[in-house]
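Dropping input.txt in here (compact mmCIF, C-alpha atoms):
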# COMPACT_ATOMS: atom_id res chain seq x y z
CA MET A 1 -45.99 17.19 5.74
CA PRO A 2 -42.17 16.87 6.16
CA ASN A 3 -40.32 19.68 7.89
CA ASP A 4 -37.39 21.55 6.33
CA ASP A 5 -34.81 19.47 8.23
CA GLU A 6 -35.84 16.38 6.27
CA HIS A 7 -34.98 18.07 2.96
CA MET A 8 -31.34 18.85 3.76
CA SER A 9 -29.01 17.75 0.98
CA ASP A 10 -25.71 16.02 1.51
CA ASN A 11 -24.36 16.53 -2.04
CA GLY A 12 -25.34 13.11 -3.33
CA GLY A 13 -24.03 11.20 -0.33
CA MET A 14 -20.56 12.76 -0.32
CA ARG A 15 -20.44 14.80 2.85
CA ASN A 16 -16.68 15.21 3.10
CA LEU A 17 -14.81 14.44 -0.11
CA SER A 18 -11.13 15.44 -0.19
CA VAL A 19 -9.03 14.97 -3.30
CA GLY A 20 -5.39 15.89 -3.62
CA PHE A 21 -1.88 14.83 -4.48
CA GLY A 22 -0.31 12.42 -2.01
CA ASP A 23 3.18 11.54 -0.91
CA ILE A 24 5.75 10.01 -3.26
CA TYR A 25 7.40 6.71 -2.33
CA LEU A 26 10.68 5.29 -3.57
CA ASN A 27 10.61 1.52 -2.98
CA GLY A 28 13.43 -0.98 -3.26
CA SER A 29 13.89 -4.71 -2.84
CA PHE A 30 17.03 -6.85 -2.79
CA SER A 31 16.73 -10.62 -3.10
CA LEU A 32 18.63 -12.43 -0.34
CA VAL A 33 17.54 -15.97 -1.23
CA LYS A 34 16.30 -16.86 -4.71
CA GLU A 35 13.10 -18.85 -5.03
CA SER A 36 13.39 -22.57 -5.67
CA SER A 37 10.78 -25.30 -6.04
CA VAL A 38 10.54 -25.49 -2.23
CA ILE A 39 11.93 -22.22 -0.84
CA PRO A 40 10.24 -18.84 -1.39
CA ASN A 41 12.16 -15.77 -2.52
CA ILE A 42 13.38 -13.94 0.59
CA SER A 43 14.12 -10.25 0.18
CA LEU A 44 15.23 -7.19 2.09
CA ASP A 45 12.72 -4.46 1.23
CA GLY A 46 12.47 -0.80 2.04
CA TYR A 47 11.11 2.56 1.09
CA VAL A 48 11.50 6.27 1.63
CA LYS A 49 8.37 8.42 1.74
CA PHE A 50 8.87 11.94 0.40
CA PRO A 51 6.34 14.33 2.01
CA THR A 52 4.71 15.81 -1.09
CA ALA A 53 1.04 15.47 0.02
CA SER A 54 -1.27 18.48 -0.02
CA GLY A 55 -1.05 19.68 3.58
CA ASN A 56 -4.23 21.75 3.39
CA LEU A 57 -6.28 18.59 2.78
CA GLY A 58 -4.99 16.88 5.92
CA VAL A 59 -3.64 13.85 4.00
CA GLY A 60 0.07 14.29 4.67
CA THR A 61 2.31 14.60 7.70
CA GLY A 62 4.97 16.78 6.09
CA ALA A 63 7.66 14.38 7.34
CA TYR A 64 9.92 11.81 5.70
CA ASP A 65 9.26 8.19 6.69
CA TYR A 66 11.49 5.14 6.16
CA GLN A 67 10.69 1.43 6.23
CA ILE A 68 12.89 -1.66 6.37
CA ALA A 69 11.30 -5.11 5.96
CA PHE A 70 11.79 -8.76 5.09
CA GLY A 71 9.65 -10.09 2.27
CA LEU A 72 8.64 -13.57 1.15
CA LYS A 73 7.23 -14.44 -2.28
CA LYS A 74 6.35 -17.79 -3.77
CA TYR A 75 4.98 -18.48 -7.25
CA ILE A 76 2.73 -21.48 -7.86
CA ASN A 77 1.65 -21.62 -11.49
CA ARG A 78 0.00 -18.25 -12.24
CA PHE A 79 -0.49 -17.38 -8.56
CA SER A 80 1.93 -15.50 -6.34
CA PHE A 81 1.72 -15.54 -2.56
CA PHE A 82 3.55 -12.84 -0.66
CA GLY A 83 4.12 -11.49 2.81
CA GLN A 84 6.20 -8.80 4.42
CA PHE A 85 7.16 -7.97 8.00
CA GLY A 86 8.86 -4.68 8.69
CA TYR A 87 9.57 -1.70 10.89
CA LEU A 88 8.54 1.85 10.01
CA PHE A 89 10.58 4.86 11.13
CA LEU A 90 8.15 7.78 11.25
CA GLY A 91 9.31 11.34 10.81
CA LYS A 92 8.75 13.72 13.70
CA ILE A 93 5.49 15.68 13.55
CA ALA A 94 5.08 18.82 15.66
CA GLY A 95 2.55 18.25 18.44
CA ALA A 96 2.16 14.51 17.84
CA GLU A 97 3.54 11.67 19.94
CA THR A 98 3.90 8.78 17.52
CA ILE A 99 5.35 5.32 18.03
CA ASN A 100 7.34 3.68 15.22
CA PRO A 101 5.22 0.66 14.26
CA PHE A 102 5.86 -2.85 13.05
CA THR A 103 4.20 -3.50 9.69
CA PHE A 104 2.60 -6.64 8.31
CA SER A 105 1.34 -7.35 4.79
CA VAL A 106 0.07 -10.53 3.18
CA GLY A 107 -1.58 -11.18 -0.15
CA VAL A 108 -2.13 -13.17 -3.29
CA GLY A 109 -1.68 -12.25 -6.94
CA TYR A 110 -2.71 -13.76 -10.25
CA ALA A 111 -0.94 -13.26 -13.60
CA PHE A 112 -2.66 -13.63 -16.99
CA GLY A 113 -2.22 -12.64 -20.60
CA TYR A 114 1.20 -14.33 -20.82
CA GLY A 115 2.31 -12.42 -17.73
CA GLU A 116 1.50 -9.03 -19.26
CA HIS A 117 -1.28 -8.42 -16.69
CA SER A 118 -1.63 -9.26 -13.03
CA VAL A 119 -4.03 -8.49 -10.21
CA LEU A 120 -3.43 -8.70 -6.48
CA LEU A 121 -5.38 -8.62 -3.25
CA ALA A 122 -3.50 -7.63 -0.10
CA TYR A 123 -4.08 -6.92 3.58
CA ASP A 124 -1.86 -4.39 5.40
CA SER A 125 -1.69 -3.60 9.10
CA TYR A 126 0.48 -1.76 11.60
CA SER A 127 1.12 -2.02 15.31
CA THR A 128 0.20 0.96 17.52
CA ILE A 129 1.23 4.34 16.09
CA ILE A 130 -0.69 6.67 18.43
CA GLN A 131 -1.43 5.48 21.96
CA GLY A 132 -5.18 5.01 22.40
CA ALA A 133 -5.97 5.09 18.64
CA ALA A 134 -6.79 2.09 16.47
CA SER A 135 -3.88 0.71 14.45
CA PRO A 136 -4.27 1.33 10.69
CA ARG A 137 -5.56 -1.60 8.61
CA GLN A 138 -6.56 -1.74 4.96
CA LEU A 139 -7.39 -3.99 2.04
CA ALA A 140 -5.89 -3.26 -1.37
CA LEU A 141 -6.80 -4.36 -4.87
CA GLY A 142 -4.05 -3.80 -7.42
CA TYR A 143 -3.45 -4.13 -11.15
CA ASN A 144 -0.09 -4.32 -12.94
CA TYR A 145 0.48 -3.90 -16.65
CA MET A 146 3.86 -4.94 -18.07
CA ILE A 147 4.87 -2.17 -20.48
CA ARG A 148 7.99 -4.11 -21.38
CA ARG A 149 10.08 -6.70 -19.57
CA GLY A 150 11.11 -5.18 -16.24
CA LEU A 151 8.85 -2.09 -16.51
CA PHE A 152 5.34 -2.12 -15.00
CA LEU A 153 2.50 0.36 -14.63
CA THR A 154 0.84 -0.20 -11.26
CA THR A 155 -2.50 1.01 -9.89
CA ILE A 156 -3.87 0.27 -6.44
CA LEU A 157 -7.26 0.95 -4.87
CA SER A 158 -7.25 0.64 -1.07
CA ALA A 159 -10.10 0.61 1.42
CA GLY A 160 -9.52 1.48 5.06
CA LEU A 161 -10.85 -1.00 7.58
CA ASN A 162 -11.09 1.41 10.51
CA SER A 163 -11.10 5.10 11.45
CA SER A 164 -7.28 5.32 11.48
CA THR A 165 -7.09 4.80 7.70
CA SER A 166 -8.51 6.77 4.78
CA ASP A 167 -11.82 5.36 3.57
CA TYR A 168 -10.42 4.95 0.03
CA THR A 169 -7.07 5.63 -1.55
CA PHE A 170 -6.08 5.41 -5.20
CA SER A 171 -2.39 5.25 -6.08
CA GLY A 172 -0.35 4.55 -9.14
CA GLY A 173 3.19 4.44 -10.32
CA LEU A 174 5.91 2.86 -12.37
CA ASN A 175 7.87 -0.14 -11.12
CA PHE A 176 11.08 -1.22 -12.76
CA GLU A 177 13.45 -4.07 -12.14
CA LEU A 178 17.20 -3.64 -12.36
Do you think you could lay out the structure here as structure tokens?
Amino acid sequence: MPNDDEHMSDNGGMRNLSVGFGDIYLNGSFSLVKESSVIPNISLDGYVKFPTASGNLGVGTGAYDYQIAFGLKKYINRFSFFGQFGYLFLGKIAGAETINPFTFSVGVGYAFGYGEHSVLLAYDSYSTIIQGAASPRQLALGYNYMIRRGLFLTTILSAGLNSSTSDYTFSGGLNFEL
């Protein structure tokens, strides 16, 4: 006969589920070199993170962050190949000794439906942020829907690859080209 400890429930396998509103990002990209048949598009990229995350869920730092990066993108038929190398300026967090990290992203995308839809798979990583802790790494699967030329609805599902990254993250937003 099983004892009472063997009947403990874990709420259907979800022991610690936290859901909340995250930070808001304003991204920008300026093309330095236009893509040609041989040369990829080279861009200066950046973002500002506005600290709007729900602090009581432990998902936000409450600080503004800024990134500057160089990006590469090359289209071959319906596929796009992209990479980005940058530097992240982290906002100061009381009681935490953080190190501004280098960032690295690489991925591939595929457009279909006359360019109205696209999917992407990307890998993101950072150099050391907290001494003695694993550097964040994640895989992301994204989907873009072109609402009209230059305006896209974007959704991204990310999976953390270590304990320094959320297990799963879902994000969405609007992207527009000027």
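If only C-alpha atoms are the atoms counted, then among A:Ala94, A:Leu121, A:Ala140, A:Leu32 the closest residue to Tyr168 of chain A is A:Ala140.
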| query | Using only C-alpha atoms, which of the listed residues (A:Pro101, A:Gly86, A:Pro40, A:Gly150) sits closest to Gly115 of chain A? | reply | A:Gly150
Axis-aligned box for segment 126-130 of chain A, 8 Å per side, centre and edges in Å as lines of an AutoDock Vina configuration file:
center_x = 0.3
center_y = 2.3
center_z = 15.0
size_x = 17.9
size_y = 24.7
size_z = 22.8
| Got a sec: who's within 7 Å of Leu153 of chain A, counting only C-alpha atoms, leaving out chain neighbours fewer than 6 positions off, as a PyMOL selection string? | chain A and resi 144-147+173-175
| query | Which one is closest to Thr169 of chain A: A:Ala69, A:Asn100, A:Ser80, A:Leu139? Count only C-alpha atoms. | reply | A:Leu139
Which residues are near Ser29 of chain A? Cut-off 9 Å, only C-alpha atoms, ignore same chain within fewer than 5 positions. Put them as an mmCIF file with C-alpha atoms, in the coordinates of the input.
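Wrote it out as around-v8.cif, contents follow:
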data_model
loop_
_atom_site.group_PDB
_atom_site.id
_atom_site.type_symbol
_atom_site.label_atom_id
_atom_site.label_comp_id
_atom_site.auth_asym_id
_atom_site.auth_seq_id
_atom_site.Cartn_x
_atom_site.Cartn_y
_atom_site.Cartn_z
ATOM 1 C CA SER A 43 14.120 -10.250 0.180
ATOM 2 C CA LEU A 44 15.230 -7.190 2.090
ATOM 3 C CA ASP A 45 12.720 -4.460 1.230
ATOM 4 C CA GLY A 46 12.470 -0.800 2.040
ATOM 5 C CA TYR A 47 11.110 2.560 1.090
ATOM 6 C CA GLY A 71 9.650 -10.090 2.270
#
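The residue that comes closest to Val119 of chain A, out of A:Lys92, A:Ser105, A:Pro136, A:Arg78 and on the basis of all atoms listed in the file, is A:Arg78.
Every polymer residue reaching to within 12 Å of (11.0, 12.3, -1.4), counting all atoms listed in the file, appears in this list: Gly22, Asp23, Ile24, Tyr25, Leu26, Asn27, Tyr47, Val48, Lys49, Phe50, Pro51, Thr52, Ala53, Gly62, Ala63, Tyr64, Asp65 and Tyr66 of chain A.
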| request: Within 12 Å of Ile76 of chain A, counting all atoms listed in the file, which residues show up once you throw out same-chain ones fewer than 4 positions away? Write them as number ranges by chain, please. | output: A: 35-40, 80-82, 108-111
Restricting the output to C-alpha atoms, write the selected residues as a PDB file, in the frame of the given file.
ATOM      1  CA  GLU A  35      13.100 -18.850  -5.030  1.00  0.00           C
ATOM      2  CA  SER A  36      13.390 -22.570  -5.670  1.00  0.00           C
ATOM      3  CA  SER A  37      10.780 -25.300  -6.040  1.00  0.00           C
ATOM      4  CA  VAL A  38      10.540 -25.490  -2.230  1.00  0.00           C
ATOM      5  CA  ILE A  39      11.930 -22.220  -0.840  1.00  0.00           C
ATOM      6  CA  PRO A  40      10.240 -18.840  -1.390  1.00  0.00           C
ATOM      7  CA  SER A  80       1.930 -15.500  -6.340  1.00  0.00           C
ATOM      8  CA  PHE A  81       1.720 -15.540  -2.560  1.00  0.00           C
ATOM      9  CA  PHE A  82       3.550 -12.840  -0.660  1.00  0.00           C
ATOM     10  CA  VAL A 108      -2.130 -13.170  -3.290  1.00  0.00           C
ATOM     11  CA  GLY A 109      -1.680 -12.250  -6.940  1.00  0.00           C
ATOM     12  CA  TYR A 110      -2.710 -13.760 -10.250  1.00  0.00           C
ATOM     13  CA  ALA A 111      -0.940 -13.260 -13.600  1.00  0.00           C
TER      14      ALA A 111
END
